[in-house]
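Please read the structure below before turning to the comments.
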Amino acid sequence: MPVPLEPPAPPATNDPWTDLRAELDRWSALGRRASFWWRDDDAVAPSPELDRLLALAARHDRWVALAVIPAEATPALAARLARTPTVVIQHGWAHRSHAPAGEKTAELGDHRPAEAVLAELIAGRTRLASLFGDRFRPALAPPWNRIGPHLSARLGEAGLTVLSGFGRREAGAGLTRLNTHADPIDWRGGRGFAGVDRVLAPILKHLAERRTGGADPDEPTGLLTHHLVHDPEGWIFLDALLSALGRHPAAAWPDPDALFGARP
């Protein structure tokens, strides 16, 4: 069977939605599918915003990985997630920064003894497993997407098998990496919706790099959301993005077992 040739790339347009369809068309022309996944941070309890997130996921028949803060997680959240396809992963311990003044916020930096931080992570993993049962996957999403390299190398000691950060994952990093690549919130500009161009740009870049060999072709392109913070424009964008991806045959959504491994 002849190998599909790389289709010529049409020039970028002024419409990022058109560019997204064109990029996925190029995947289709190669007989390939682009995998996606969705992570949402900072859940601790039921809320109207969480209801909106779950309703959006259900409308598009998608599962979402909720990064839950163990120290504040409530049994009510576990009850709310029952009978949904939601997956729970660990969001640090208490989402508090221990970084010295003048450094970027980080709960899981190498500022404290690793044994103390690992003890917190073990307590968090145990609590989430108790609350959420087999809905919980032993994956860590560090608060602020920051973790010290020495601590990262020892996460297996805390029973955590997957690390989820932000940006293209590093090859040969040892621990399984499942990163996110686009965040709709403008955290430095008022915490509102960042705009269609700014949010779709990293998605388009990651897809193109995966397709052409500039990034791991098997790395799913990840969407990062924060349901407690999104403004109306952000919710409208998420609905539009899920609709656009759901309509295109080249967009694939692997199930949780394919990304996190079989349930414990």
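By order in the structure tokens, chains are A, B, ...; within a chain, residues start at 1; ligands start at 1, following the order shown.
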Backbone DSSP call of helix (DSSP H, G or I) for segment 28-143 of chain A, listed as a PyMOL selection string:
chain A and resi 28-29+48-59+70-72+75-81+114-135+143
Shell of 12 Å around segment 17-27 of chain A, only C-alpha atoms, local chain residues under 5 positions omitted, as number ranges by chain:
A: 4-12, 32-36, 196-212, 217, 237, 240-252
Could you give me, as a PyMOL selection string, the residues within 6 Å of His181 of chain A, counting only C-alpha atoms and dropping anything in the same chain fewer than 4 positions from it?
chain A and resi 166-167+222
Between A:Ala158, A:Ala94, A:Ala101, A:Val87, which has the minimum distance to Leu121 of chain A (counting only C-alpha atoms)?
A:Ala158
Closest of A:Ser152, A:Gln90, A:Thr221, A:Thr176 to Glu72 of chain A - atom-to-atom distances counting only C-alpha atoms:
A:Gln90
DSSP says strand (DSSP E or B) for which residues of segment 70-142 of chain A? Put them as a PyMOL selection string?
chain A and resi 87-90+108+136-140
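Residue nearest Pro138 of chain A, chosen from A:Leu56, A:Ala116, A:Leu259, A:Leu238 and counting only C-alpha atoms: A:Leu259.
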Exercise: Leu77 of chain A partners within 10 Å, only C-alpha atoms, chain neighbours under 5 positions left out, as a list in words
Ala43, Val44, Ala45, Pro46, Ser47, Leu50, Val68, Ala82, Leu131 and Phe132 of chain A
Residue subset to file, keeping N, CA, C and O atoms, as a compact mmCIF listing (two decimals), in the first residue's frame:
```txt
# COMPACT_ATOMS: atom_id res chain seq x y z
N ALA A 43 -11.18 21.55 41.34
CA ALA A 43 -12.45 21.10 41.90
C ALA A 43 -12.27 20.68 43.36
O ALA A 43 -11.27 20.05 43.71
N VAL A 44 -13.24 21.02 44.19
CA VAL A 44 -13.27 20.56 45.59
C VAL A 44 -14.67 20.20 46.03
O VAL A 44 -14.85 19.38 46.94
N ALA A 45 -15.69 20.81 45.42
CA ALA A 45 -17.07 20.63 45.88
C ALA A 45 -18.02 20.92 44.72
O ALA A 45 -17.64 21.56 43.74
N PRO A 46 -19.26 20.46 44.84
CA PRO A 46 -20.25 20.82 43.81
C PRO A 46 -20.46 22.32 43.76
O PRO A 46 -20.30 23.04 44.75
N SER A 47 -20.81 22.81 42.57
CA SER A 47 -21.06 24.23 42.38
C SER A 47 -21.83 24.40 41.08
O SER A 47 -21.83 23.51 40.24
N LEU A 50 -19.46 23.86 38.25
CA LEU A 50 -19.17 22.46 37.97
C LEU A 50 -20.33 21.82 37.22
O LEU A 50 -20.12 21.05 36.27
N VAL A 68 -8.48 17.40 41.28
CA VAL A 68 -9.12 17.73 42.55
C VAL A 68 -8.07 18.01 43.62
O VAL A 68 -7.07 17.29 43.72
N ALA A 82 -20.94 10.88 40.70
CA ALA A 82 -21.47 9.53 40.48
C ALA A 82 -22.32 9.50 39.22
O ALA A 82 -23.03 10.46 38.90
N LEU A 131 -12.26 8.66 48.64
CA LEU A 131 -13.47 9.40 48.28
C LEU A 131 -14.06 8.95 46.95
O LEU A 131 -15.28 8.84 46.80
N PHE A 132 -13.20 8.71 45.97
CA PHE A 132 -13.67 8.53 44.60
C PHE A 132 -13.55 7.11 44.06
O PHE A 132 -14.00 6.84 42.95
```
Which of these, A:Arg168, A:Asp134, A:Phe193, A:Arg39, has the shortest distance to Ala262 of chain A once you count only C-alpha atoms?
A:Asp134
Quick one: residues within 9 Å of Arg169 of chain A, only C-alpha atoms, excluding same-chain residues fewer than 5 positions away - as a list in words?
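Contacts, with the query itself left out: Arg177, Leu178, Asn179, Thr180, Ala215, Asp216 and Glu219 of chain A.
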Report the distance between atom CA of Leu160 of chain A and atom CA of His111 of chain A in Å, rounded to one decimal place.
20.2 Å
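Compared by their closest atoms to His95 of chain A, and using only C-alpha atoms, the residues A:Leu228, A:Ala29, A:Val64, A:Ala71 rank with A:Ala71 nearest.
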What separates atom CA of Thr86 of chain A and atom CA of Leu53 of chain A is a distance of 10.7 Å
Looking at A:Trp93, A:Trp144, A:Phe136, A:Trp37, which one is nearest to Thr105 of chain A, with distances taken over only C-alpha atoms?
A:Trp144
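In this model, the gap between atom CA of Thr84 of chain A and atom CA of Asp218 of chain A comes to 26.9 Å.
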Need to verify the contact set: Glu120 of chain A, 12 Å, only C-alpha atoms, exclusion of same-chain residues closer than 2 positions in sequence. Can you return it as a list of chain:residue names?
A:Ile69, A:Pro70, A:Ala71, A:Gln90, A:His91, A:Gly92, A:Trp93, A:Ala94, A:His95, A:Arg96, A:Glu107, A:Leu108, A:Arg112, A:Pro113, A:Ala114, A:Glu115, A:Ala116, A:Val117, A:Leu118, A:Ile122, A:Ala123, A:Gly124, A:Arg125, A:Thr126, A:Arg127, A:Leu155, A:Glu157, A:Ala158, A:Gly159
